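Dumped data02.cif below, it's mmCIF, C-alpha atoms and all ligand atoms:
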data_run
#
loop_
_atom_site.label_atom_id
_atom_site.label_comp_id
_atom_site.auth_asym_id
_atom_site.auth_seq_id
_atom_site.Cartn_x
_atom_site.Cartn_y
_atom_site.Cartn_z
CA MET A 1 46.62 -51.99 6.88
CA ALA A 2 43.59 -53.04 8.90
CA ASP A 3 40.09 -52.84 7.35
CA LEU A 4 38.31 -52.05 10.62
CA ILE A 5 39.56 -50.85 13.98
CA VAL A 6 37.65 -50.85 17.26
CA THR A 7 39.12 -48.91 20.14
CA GLY A 8 37.95 -48.16 23.65
CA LYS A 9 38.80 -47.73 27.32
CA ARG A 10 36.98 -50.84 28.54
CA VAL A 11 37.84 -54.04 26.73
CA ILE A 12 36.68 -57.16 28.61
CA ASP A 13 38.39 -60.12 26.95
CA THR A 14 37.03 -63.09 28.89
CA PHE A 15 39.18 -65.57 26.95
CA ASN A 16 42.40 -63.95 28.08
CA ASP A 17 41.28 -62.50 31.44
CA TYR A 18 42.02 -58.98 30.27
CA GLU A 19 40.16 -55.88 31.38
CA GLY A 20 41.46 -52.49 30.33
CA PRO A 21 41.92 -50.18 27.38
CA GLY A 22 42.45 -51.67 23.96
CA THR A 23 42.47 -51.43 20.18
CA ILE A 24 41.50 -54.30 17.91
CA TYR A 25 42.74 -54.29 14.32
CA MET A 26 40.72 -56.45 11.92
CA THR A 27 41.67 -57.50 8.41
CA GLY A 28 39.10 -59.50 6.48
CA ASP A 29 37.45 -61.87 8.90
CA ARG A 30 40.43 -62.18 11.27
CA ILE A 31 41.87 -60.15 14.10
CA GLU A 32 45.27 -58.98 12.96
CA LYS A 33 46.51 -57.39 16.15
CA PHE A 34 45.42 -56.28 19.64
CA GLU A 35 47.06 -53.42 21.55
CA LYS A 36 46.40 -52.63 25.20
CA GLU A 37 45.90 -48.95 24.48
CA TYR A 38 43.00 -46.64 23.66
CA LYS A 39 43.78 -45.02 20.29
CA PRO A 40 40.80 -42.99 19.01
CA ASP A 41 42.98 -41.00 16.62
CA THR A 42 44.18 -43.97 14.53
CA ASN A 43 44.07 -43.13 10.81
CA GLY A 44 43.69 -45.02 7.60
CA ALA A 45 40.73 -47.34 8.25
CA ARG A 46 37.24 -47.16 9.65
CA VAL A 47 37.70 -46.61 13.39
CA ILE A 48 34.86 -47.30 15.81
CA ASP A 49 35.47 -45.42 19.03
CA ALA A 50 33.62 -47.23 21.82
CA GLY A 51 34.82 -44.74 24.45
CA ASN A 52 33.64 -46.04 27.84
CA LYS A 53 31.42 -48.75 26.46
CA ILE A 54 32.34 -52.42 26.86
CA ILE A 55 34.17 -54.12 24.00
CA SER A 56 33.74 -57.89 24.22
CA PRO A 57 34.58 -60.84 22.01
CA GLY A 58 31.40 -61.58 20.04
CA LEU A 59 28.60 -63.05 22.15
CA VAL A 60 27.48 -66.64 21.53
CA ASP A 61 23.92 -67.83 22.12
CA MET A 62 24.16 -71.61 22.32
CA HIS A 63 20.40 -72.25 22.38
CA VAL A 64 18.08 -70.84 19.72
CA HIS A 65 15.28 -72.13 17.49
CA LEU A 66 15.45 -70.78 13.92
CA ARG A 67 12.42 -72.66 12.50
CA GLU A 68 13.97 -73.23 9.08
CA PRO A 69 13.30 -75.68 7.54
CA GLY A 70 9.57 -76.00 8.10
CA ARG A 71 8.16 -72.87 9.72
CA GLU A 72 9.69 -70.05 7.69
CA ASP A 73 6.57 -67.98 8.46
CA GLU A 74 7.85 -67.78 12.08
CA GLU A 75 11.60 -67.37 11.50
CA THR A 76 14.22 -68.12 8.89
CA ILE A 77 17.92 -68.59 9.35
CA VAL A 78 18.45 -65.11 7.88
CA THR A 79 15.82 -63.32 10.02
CA GLY A 80 16.90 -65.18 13.15
CA ALA A 81 20.50 -64.17 12.45
CA ASP A 82 19.38 -60.53 12.01
CA ALA A 83 17.66 -60.69 15.41
CA ALA A 84 20.84 -62.21 16.86
CA ALA A 85 22.97 -59.39 15.46
CA ALA A 86 20.57 -56.78 16.89
CA GLY A 87 20.83 -58.54 20.25
CA GLY A 88 24.65 -58.46 20.23
CA PHE A 89 25.27 -62.09 19.24
CA THR A 90 27.83 -62.98 16.60
CA ALA A 91 27.05 -66.69 16.76
CA VAL A 92 24.02 -68.82 17.48
CA CYS A 93 23.58 -72.57 17.83
CA CYS A 94 20.33 -73.81 16.37
CA MET A 95 18.27 -76.58 17.90
CA PRO A 96 17.11 -79.54 15.81
CA ASN A 97 13.32 -79.44 16.33
CA THR A 98 12.64 -78.20 12.81
CA THR A 99 10.55 -79.88 10.09
CA PRO A 100 12.22 -82.06 9.02
CA VAL A 101 14.18 -82.59 12.22
CA ILE A 102 17.94 -82.06 12.00
CA ASP A 103 18.81 -85.75 12.15
CA THR A 104 20.80 -86.36 8.94
CA GLN A 105 23.82 -84.94 7.20
CA GLU A 106 21.57 -83.50 4.46
CA VAL A 107 19.62 -81.29 6.84
CA VAL A 108 22.82 -80.11 8.52
CA ARG A 109 24.29 -79.23 5.13
CA PHE A 110 21.08 -77.43 4.13
CA ILE A 111 21.22 -75.23 7.22
CA LEU A 112 24.91 -74.48 6.80
CA SER A 113 24.34 -73.52 3.16
CA ARG A 114 21.50 -71.17 4.13
CA ALA A 115 23.67 -69.78 6.91
CA LYS A 116 26.13 -68.44 4.32
CA GLU A 117 23.67 -65.58 3.77
CA ALA A 118 23.16 -64.96 7.49
CA ALA A 119 24.52 -61.91 9.31
CA VAL A 120 26.05 -64.02 12.09
CA ARG A 121 27.63 -67.46 12.42
CA VAL A 122 25.25 -70.38 12.74
CA PHE A 123 26.39 -73.60 14.42
CA VAL A 124 24.15 -76.63 14.18
CA ILE A 125 22.95 -79.01 16.90
CA GLY A 126 21.72 -82.41 15.69
CA ALA A 127 18.93 -84.49 17.18
CA VAL A 128 19.75 -87.46 19.41
CA THR A 129 17.12 -89.66 17.76
CA ARG A 130 15.56 -89.88 14.28
CA GLY A 131 12.64 -87.46 14.04
CA GLN A 132 13.10 -86.83 17.78
CA GLU A 133 10.89 -89.87 18.21
CA GLY A 134 13.10 -91.60 20.74
CA LYS A 135 13.20 -94.88 18.80
CA ARG A 136 16.45 -94.94 16.77
CA LEU A 137 19.59 -92.89 17.01
CA SER A 138 20.13 -90.15 14.42
CA GLU A 139 23.05 -90.27 12.00
CA ILE A 140 25.31 -88.81 14.67
CA GLY A 141 28.64 -89.60 12.98
CA ASP A 142 27.48 -88.33 9.59
CA MET A 143 26.10 -85.15 11.15
CA TRP A 144 29.39 -84.66 12.96
CA ASP A 145 31.20 -84.97 9.62
CA ALA A 146 28.97 -82.17 8.35
CA GLY A 147 29.85 -79.99 11.34
CA ILE A 148 27.39 -80.36 14.24
CA VAL A 149 28.69 -79.08 17.57
CA ALA A 150 26.38 -81.05 19.90
CA ILE A 151 23.35 -83.32 19.94
CA SER A 152 20.09 -82.60 21.73
CA GLU A 153 16.46 -83.65 21.76
CA ASP A 154 15.52 -80.11 22.80
CA GLY A 155 11.80 -79.57 23.14
CA LYS A 156 11.58 -82.79 25.12
CA SER A 157 13.65 -85.48 26.82
CA VAL A 158 14.86 -88.75 25.37
CA MET A 159 12.55 -90.71 27.64
CA ASN A 160 14.15 -94.10 27.05
CA ALA A 161 17.22 -94.16 29.32
CA GLU A 162 18.98 -96.80 27.22
CA MET A 163 18.58 -94.63 24.11
CA MET A 164 20.02 -91.69 26.06
CA ARG A 165 22.94 -93.85 27.16
CA ASN A 166 23.63 -94.83 23.55
CA GLY A 167 23.37 -91.19 22.45
CA MET A 168 25.85 -90.12 25.09
CA GLU A 169 28.28 -92.89 24.16
CA TYR A 170 28.14 -91.85 20.51
CA ALA A 171 28.55 -88.18 21.34
CA ARG A 172 31.58 -89.00 23.46
CA MET A 173 33.30 -90.65 20.48
CA PHE A 174 33.06 -87.35 18.62
CA HIS A 175 33.96 -85.20 21.65
CA ILE A 176 30.66 -83.33 21.51
CA PRO A 177 28.27 -82.85 24.42
CA VAL A 178 24.69 -84.00 24.73
CA ILE A 179 22.50 -81.03 25.59
CA SER A 180 19.67 -82.40 27.66
CA HIS A 181 16.20 -80.88 27.85
CA CYS A 182 15.17 -82.39 31.16
CA GLU A 183 11.49 -83.14 31.58
CA ASP A 184 9.87 -86.45 32.39
CA ALA A 185 6.95 -86.57 29.95
CA ASN A 186 4.82 -88.72 32.26
CA LEU A 187 5.25 -86.41 35.21
CA ALA A 188 4.68 -83.34 33.01
CA ASN A 189 1.48 -85.02 31.82
CA GLY A 190 0.37 -82.31 29.42
CA GLY A 191 0.87 -79.46 31.90
CA LYS A 192 1.50 -75.92 30.70
CA VAL A 193 2.81 -73.98 33.72
CA ASN A 194 4.66 -74.63 36.96
CA GLU A 195 2.60 -76.77 39.30
CA GLY A 196 2.05 -74.89 42.55
CA TYR A 197 -0.01 -72.22 44.25
CA ASN A 198 -0.57 -70.13 41.11
CA SER A 199 -1.53 -73.03 38.84
CA THR A 200 -3.98 -74.23 41.48
CA VAL A 201 -5.61 -70.84 42.06
CA LEU A 202 -5.84 -70.10 38.32
CA GLY A 203 -6.99 -73.60 37.36
CA MET A 204 -4.09 -74.15 34.97
CA LYS A 205 -2.62 -77.58 34.36
CA GLY A 206 0.72 -77.79 36.15
CA ILE A 207 4.11 -79.37 35.44
CA PRO A 208 5.73 -80.36 38.76
CA SER A 209 9.34 -79.33 39.39
CA ILE A 210 10.24 -83.01 39.89
CA ALA A 211 9.56 -83.57 36.17
CA GLU A 212 12.83 -81.69 35.59
CA ASP A 213 14.69 -82.98 38.64
CA VAL A 214 14.33 -86.70 37.95
CA ILE A 215 15.73 -86.37 34.41
CA VAL A 216 18.60 -84.14 35.55
CA ALA A 217 19.46 -86.82 38.13
CA ARG A 218 19.10 -89.62 35.57
CA ASP A 219 21.26 -87.90 32.97
CA ILE A 220 23.97 -87.12 35.51
CA PHE A 221 24.02 -90.84 36.37
CA ILE A 222 24.31 -91.73 32.67
CA SER A 223 27.05 -89.14 32.15
CA ARG A 224 29.01 -90.53 35.10
CA PHE A 225 28.58 -94.10 33.84
CA THR A 226 29.51 -93.35 30.23
CA HIS A 227 32.13 -90.64 30.95
CA SER A 228 30.32 -88.40 28.48
CA PRO A 229 29.99 -84.62 28.53
CA LEU A 230 26.49 -83.53 29.54
CA HIS A 231 25.09 -80.01 29.28
CA ILE A 232 21.78 -79.30 31.03
CA ALA A 233 19.58 -76.99 28.95
CA HIS A 234 17.60 -74.11 30.50
CA ILE A 235 17.86 -75.26 34.10
CA SER A 236 14.98 -73.92 36.18
CA THR A 237 14.53 -75.61 39.55
CA GLU A 238 16.30 -75.28 42.88
CA ALA A 239 16.73 -79.06 43.22
CA SER A 240 18.18 -79.49 39.69
CA ILE A 241 20.73 -76.77 40.36
CA LYS A 242 21.80 -78.58 43.54
CA LEU A 243 22.26 -81.79 41.53
CA VAL A 244 24.47 -80.02 38.96
CA LYS A 245 26.47 -78.37 41.75
CA GLU A 246 27.15 -81.75 43.35
CA ALA A 247 28.06 -83.28 39.99
CA LYS A 248 30.61 -80.52 39.41
CA GLU A 249 32.03 -80.93 42.90
CA GLU A 250 32.50 -84.61 42.09
CA GLY A 251 34.45 -83.60 38.98
CA LEU A 252 31.97 -84.85 36.38
CA ASP A 253 31.86 -83.26 32.92
CA VAL A 254 28.48 -81.64 33.57
CA THR A 255 27.63 -78.05 32.63
CA ALA A 256 24.41 -76.01 32.58
CA GLU A 257 22.74 -72.96 31.13
CA ALA A 258 19.92 -70.65 32.23
CA THR A 259 17.65 -68.27 30.33
CA PRO A 260 16.79 -64.66 31.19
CA HIS A 261 13.15 -65.63 31.67
CA HIS A 262 14.12 -68.13 34.36
CA PHE A 263 16.07 -65.52 36.32
CA SER A 264 13.69 -62.61 35.61
CA LEU A 265 10.10 -63.91 35.88
CA THR A 266 8.08 -65.87 38.43
CA ASP A 267 4.82 -67.75 38.03
CA ASP A 268 3.04 -64.99 39.97
CA LEU A 269 2.74 -63.33 36.53
CA LEU A 270 0.47 -66.07 35.21
CA LYS A 271 -2.59 -64.19 36.42
CA THR A 272 -2.14 -61.93 33.37
CA PHE A 273 -3.00 -64.95 31.20
CA ASP A 274 -0.40 -63.75 28.67
CA THR A 275 0.25 -66.81 26.49
CA ASN A 276 3.76 -65.50 25.84
CA LEU A 277 4.54 -66.67 29.39
CA ILE A 278 3.96 -70.28 28.37
CA VAL A 279 7.44 -71.70 27.99
CA ASN A 280 9.16 -74.98 28.59
CA PRO A 281 10.50 -75.45 31.19
CA PRO A 282 7.89 -73.22 32.82
CA ILE A 283 8.68 -70.04 34.70
CA ARG A 284 8.77 -71.06 38.32
CA THR A 285 8.65 -69.77 41.89
CA THR A 286 10.61 -67.00 43.60
CA ALA A 287 12.69 -69.67 45.39
CA ASP A 288 13.65 -71.18 42.02
CA VAL A 289 14.52 -67.77 40.53
CA GLU A 290 16.76 -67.06 43.53
CA ALA A 291 18.39 -70.49 43.08
CA VAL A 292 19.08 -69.73 39.40
CA LYS A 293 20.75 -66.46 40.39
CA ARG A 294 22.84 -68.22 43.08
CA GLY A 295 23.78 -70.90 40.54
CA LEU A 296 24.89 -68.25 38.07
CA LYS A 297 26.92 -66.54 40.79
CA ASP A 298 28.67 -69.61 42.20
CA GLY A 299 29.50 -71.03 38.75
CA THR A 300 27.08 -73.98 38.81
CA ILE A 301 25.39 -72.43 35.77
CA ASP A 302 27.99 -71.81 33.06
CA CYS A 303 26.01 -70.09 30.31
CA ILE A 304 23.22 -67.62 29.64
CA VAL A 305 21.11 -68.49 26.58
CA SER A 306 17.98 -67.01 25.06
CA ASP A 307 16.11 -70.21 24.10
CA HIS A 308 14.73 -67.96 21.34
CA ALA A 309 11.51 -69.77 20.32
CA PRO A 310 9.50 -67.90 17.69
CA HIS A 311 5.78 -68.62 17.36
CA SER A 312 3.18 -67.07 15.05
CA PRO A 313 0.23 -65.02 16.38
CA GLU A 314 -2.10 -67.74 15.07
CA GLU A 315 -0.45 -70.16 17.46
CA LYS A 316 -0.15 -67.86 20.45
CA ASP A 317 -3.41 -65.86 20.30
CA VAL A 318 -5.46 -68.77 21.52
CA GLU A 319 -6.99 -70.03 24.75
CA PHE A 320 -4.31 -70.21 27.44
CA ASN A 321 -3.94 -73.98 27.69
CA ALA A 322 -3.81 -74.38 23.89
CA ALA A 323 -0.79 -72.13 23.26
CA PRO A 324 2.57 -73.72 22.38
CA PHE A 325 5.65 -73.34 24.59
CA GLY A 326 8.17 -70.63 23.80
CA MET A 327 9.10 -66.97 23.68
CA ILE A 328 11.55 -65.03 21.54
CA GLY A 329 14.68 -63.84 23.33
CA LEU A 330 17.59 -62.94 21.08
CA GLU A 331 16.90 -59.20 21.28
CA THR A 332 16.19 -59.02 25.03
CA THR A 333 18.82 -61.34 26.52
CA VAL A 334 21.61 -58.77 26.94
CA GLY A 335 19.17 -56.16 28.32
CA LEU A 336 17.60 -58.54 30.84
CA THR A 337 20.99 -59.89 31.87
CA PHE A 338 22.50 -56.46 32.50
CA THR A 339 19.33 -55.14 34.16
CA ASN A 340 18.73 -58.07 36.51
CA LEU A 341 22.18 -59.51 37.10
CA VAL A 342 24.69 -56.65 36.64
CA HIS A 343 22.61 -53.68 37.81
CA GLY A 344 20.89 -56.06 40.25
CA ASN A 345 24.37 -56.52 41.83
CA ILE A 346 24.38 -60.30 41.39
CA LEU A 347 27.21 -60.67 38.85
CA SER A 348 29.94 -58.42 37.50
CA GLU A 349 30.08 -57.45 33.83
CA ALA A 350 32.96 -59.86 33.25
CA GLU A 351 31.06 -62.67 34.98
CA VAL A 352 27.98 -62.32 32.74
CA LEU A 353 30.11 -61.94 29.63
CA ARG A 354 31.98 -65.15 30.42
CA LYS A 355 28.63 -66.94 30.31
CA MET A 356 27.99 -65.64 26.79
CA THR A 357 31.50 -65.96 25.33
CA VAL A 358 34.26 -68.20 26.66
CA ASN A 359 32.03 -70.71 28.49
CA PRO A 360 29.73 -71.70 25.60
CA SER A 361 32.75 -71.60 23.31
CA ARG A 362 34.66 -74.12 25.43
CA ILE A 363 31.65 -76.38 26.02
CA LEU A 364 31.04 -76.64 22.26
CA ASN A 365 34.67 -76.38 21.09
CA LEU A 366 33.89 -73.30 19.00
CA PRO A 367 36.86 -71.68 17.25
CA TYR A 368 37.01 -68.53 19.40
CA ASN A 369 40.00 -67.35 21.41
CA GLY A 370 39.22 -63.72 22.18
CA PHE A 371 41.44 -60.89 21.10
CA ALA A 372 44.83 -62.54 21.50
CA GLY A 373 46.52 -63.61 18.30
CA ASP A 374 44.91 -64.52 15.03
CA GLY A 375 41.31 -64.80 16.23
CA LEU A 376 37.94 -64.48 14.51
CA ALA A 377 36.94 -60.86 13.89
CA ASP A 378 33.76 -61.07 15.97
CA VAL A 379 33.19 -58.22 18.41
CA THR A 380 30.25 -56.94 20.46
CA ILE A 381 30.08 -53.42 21.89
CA ILE A 382 27.73 -53.01 24.85
CA ASN A 383 26.50 -49.85 26.49
CA PRO A 384 25.83 -51.14 30.02
CA ASP A 385 23.97 -47.98 31.05
CA LEU A 386 21.73 -47.40 28.05
CA GLU A 387 18.10 -47.29 29.18
CA TRP A 388 15.62 -48.53 26.62
CA THR A 389 12.10 -49.92 26.32
CA VAL A 390 11.34 -53.22 24.60
CA GLU A 391 9.10 -52.39 21.63
CA LYS A 392 7.25 -54.90 19.50
CA LYS A 393 7.75 -52.93 16.29
CA LYS A 394 11.51 -52.88 16.73
CA PHE A 395 11.98 -56.65 16.85
CA ARG A 396 13.92 -57.95 13.86
CA SER A 397 12.73 -61.45 14.57
CA LYS A 398 9.85 -62.49 12.32
CA SER A 399 7.89 -63.43 15.43
CA LYS A 400 6.96 -61.06 18.24
CA ASN A 401 5.97 -63.46 21.03
CA SER A 402 7.73 -61.78 23.94
CA PRO A 403 6.29 -61.23 27.42
CA PHE A 404 8.87 -58.45 27.87
CA ILE A 405 7.24 -55.94 25.48
CA GLY A 406 6.97 -52.64 27.37
CA TYR A 407 9.72 -53.56 29.89
CA LYS A 408 12.28 -50.86 30.65
CA LEU A 409 15.78 -52.30 30.57
CA LYS A 410 19.26 -50.96 31.26
CA GLY A 411 22.10 -52.27 29.09
CA LYS A 412 22.14 -52.97 25.37
CA ALA A 413 24.39 -54.16 22.59
CA VAL A 414 24.98 -51.12 20.36
CA CYS A 415 27.32 -52.56 17.75
CA THR A 416 27.85 -56.11 16.51
CA ILE A 417 30.73 -57.06 14.24
CA CYS A 418 30.84 -60.51 12.65
CA LYS A 419 33.62 -61.73 10.33
CA GLY A 420 35.02 -58.20 10.30
CA GLU A 421 31.74 -56.66 9.07
CA VAL A 422 29.46 -54.37 11.06
CA VAL A 423 26.18 -56.33 11.13
CA TYR A 424 24.33 -54.12 13.64
CA GLU A 425 24.96 -50.59 14.75
CA GLU A 426 23.11 -47.84 16.58
CA ASP A 427 24.31 -44.54 18.06
CA ILE A 428 27.65 -45.27 19.67
O1 LIG B 1 9.55 -73.11 25.33
C1 LIG B 1 10.12 -73.83 24.54
N1 LIG B 1 9.98 -73.68 23.20
N2 LIG B 1 10.90 -74.80 25.00
C2 LIG B 1 11.45 -75.71 24.21
O2 LIG B 1 12.16 -76.55 24.69
C3 LIG B 1 11.15 -75.73 22.75
C4 LIG B 1 10.81 -74.38 22.28
C5 LIG B 1 10.25 -74.33 20.90
O3 LIG B 1 10.81 -74.94 20.00
O4 LIG B 1 9.24 -73.65 20.68
#
In structure tokens, how does this file's structure come out?
Amino acid sequence: MADLIVTGKRVIDTFNDYEGPGTIYMTGDRIEKFEKEYKPDTNGARVIDAGNKIISPGLVDMHVHLREPGREDEETIVTGADAAAAGGFTAVCCMPNTTPVIDTQEVVRFILSRAKEAAVRVFVIGAVTRGQEGKRLSEIGDMWDAGIVAISEDGKSVMNAEMMRNGMEYARMFHIPVISHCEDANLANGGKVNEGYNSTVLGMKGIPSIAEDVIVARDIFISRFTHSPLHIAHISTEASIKLVKEAKEEGLDVTAEATPHHFSLTDDLLKTFDTNLIVNPPIRTTADVEAVKRGLKDGTIDCIVSDHAPHSPEEKDVEFNAAPFGMIGLETTVGLTFTNLVHGNILSEAEVLRKMTVNPSRILNLPYNGFAGDGLADVTIINPDLEWTVEKKKFRSKSKNSPFIGYKLKGKAVCTICKGEVVYEEDI
């Protein structure tokens, strides 16, 4: 007898290309059985009737910053996981720019032990170099033994191309991708926002789009040379997207992700001087935003990620140019994606869900296979038409640094089930 049953008229199982009615029977943390029928009157276990809402395999956010160890005042693994659950995610992948940096087996094991108390699954991404200093490789093999799913220097680029080559060759041995934050530090030169009309008029120090483009080009060259999987983090410029498109057409193992802020916001907003808009890579021009949307549509961009980056008010309530990069995103990603991409008639529901389920899962070799067979009991129920307002007081994240506070969105995760347990639920 199943412990938990979810039934509805609109299952979208992106792993098995199924769209239609369905009932999922969960026992413990596994899916016991899936039937292609809507059965609201099933007895004997807790039954969640999703009606017309979307039932999806649990969403995965492959790019978040959890701040533990080191900045537990901003986020912990447990609070970040709570925010993830409220945002509809049943798994997150945490970036290594913590203090200490995730560059040894010990730090990986520490995070995985803390993650046992978390509401959702936490997968760990190790740093490419020790301390993210770009001088020596991290203990990549040891970290892989402890369970990392990728390596990344996120927060910055590995500026030494030979070091990046070595990192990619190591990663290839373990069949894990390198996730590249692409920004040439010399070209960025301490800038805070996109270099262009707005930065000039407002007197803000700019980061030119070529800072991203040259590293995307370089890393594609290294990936081709080393035959290593390369995943481009938070892609944001028209030219970078063209480079990834060409790499894919050539058959290289190159994938990419985009954030909701890079398909929802332009640098015209900088005149508000809201420091929550300071993010890396910076929010860019209308032409870039359109290119991100086209890239999502034509498959150049495989994944949608939050790049959840909590910061304390002490850090963000400062003079514009002094604020650190980053905004929280776990609790607004589904809403912004449905509002701007689905209701904006850019992508279908199944297309956006693929970018938050099967695609990140395949890139990182996560153990998901949707609702067929003996899968993980991770399920997200989404009401695509629920209209809601982003409210600061409702964030479960410890940090509140979002430029989307006050935005009216359409589409929300209303129930999140991880390992067969309901970890978030509102009126269904
Ligand atoms: O805006 C950002 N914030 N971009 C990054 O790459 C790092 C992140 C952070 O850790 O705050």
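Here CA of Arg67 in chain A and CA of Cys418 in chain A stand 22.1 Å from one another.
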Can you list every residue of chain A that has an atom at most 6 Å from ligand LIG 1 (chain B), with its nearest atom pair and the distance in Å to one decimal, using all atoms listed in the file, ordered by chain then number, as CSV?
residue,atom,partner,partner_atom,distance
A:His65,CA,B:LIG1,O3,5.8
A:Asp154,CA,B:LIG1,O2,5.2
A:Gly155,CA,B:LIG1,O2,3.4
A:Val279,CA,B:LIG1,O1,3.7
A:Asn280,CA,B:LIG1,O1,3.8
A:Ala309,CA,B:LIG1,O4,4.5
A:Phe325,CA,B:LIG1,O1,4.0
A:Gly326,CA,B:LIG1,O1,3.2
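CA of Ile5 in chain A to CA of Leu353 in chain A spans 21.4 Å [interatomic distance, one decimal].
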Counting only C-alpha atoms, the residue of A:Val214, A:Ala2, A:Val422, A:Val292 that sits nearest Arg30 in chain A: A:Ala2
List as an NGL selection string the residues having at least one atom at most 6 Å from position (26.6, -72.7, 14.5) as given in the file, counting all atoms listed in the file. :A and (92-93 or 121-124)
Select, counting all atoms listed in the file, all protein, DNA and RNA residues no farther than 12 Å from (28.1, -80.5, 20.6) in file coordinates, and express the selection as a PyMOL selection string. chain A and resi 62-63+93-95+123-128+140-141+143-144+147-152+167-168+170-180+228-231+360-366
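Using all atoms listed in the file, the contacts of Ile283 in chain A at a cut-off of 10 Å, with sequence neighbours closer than 3 positions omitted, comprise Val193, Asn194, Ser236, Thr237, His261, His262, Phe263, Ser264, Leu265, Thr266, Asp267, Asp268, Leu269, Leu270, Leu277, Ile278, Val279, Asn280, Thr286, Asp288 and Val289 of chain A.
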Report, in Å to a single decimal, how far apart CA of Asn276 in chain A and CA of Tyr197 in chain A are.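 Separating CA of Tyr197 in chain A from CA of Asn276 in chain A is a distance of 20.0 Å.
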Which residues, written as an mmCIF file with C-alpha atoms, keeping the file's coordinate frame, have at least one atom at most 7 Å from range 158-165 of chain A, with all atoms listed in the file counted and residues fewer than 2 positions away on the same chain left out?
data_model
loop_
_atom_site.group_PDB
_atom_site.id
_atom_site.type_symbol
_atom_site.label_atom_id
_atom_site.label_comp_id
_atom_site.auth_asym_id
_atom_site.auth_seq_id
_atom_site.Cartn_x
_atom_site.Cartn_y
_atom_site.Cartn_z
ATOM 1 C CA GLY A 134 13.100 -91.600 20.740
ATOM 2 C CA GLU A 153 16.460 -83.650 21.760
ATOM 3 C CA LYS A 156 11.580 -82.790 25.120
ATOM 4 C CA GLY A 167 23.370 -91.190 22.450
ATOM 5 C CA MET A 168 25.850 -90.120 25.090
ATOM 6 C CA GLU A 169 28.280 -92.890 24.160
ATOM 7 C CA ASP A 184 9.870 -86.450 32.390
ATOM 8 C CA ILE A 222 24.310 -91.730 32.670
#
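For the residues A:Val390, A:Ala233, A:Thr226, A:Ala350, ranking by smallest atom-to-atom distance to Gly20 in chain A using only C-alpha atoms places A:Ala350 first.
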Would you mind telling me which residue in A:Val423, A:Gly206, A:Thr332, A:Leu112 lies nearest to Gly406 in chain A when using only C-alpha atoms? A:Thr332
Which one of A:Asn383, A:Thr129, A:Asn340, A:Thr285 sits closest to Thr104 in chain A if you count all atoms listed in the file?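 Of A:Asn383, A:Thr129, A:Asn340, A:Thr285, the one nearest Thr104 in chain A is A:Thr129, counting all atoms listed in the file.
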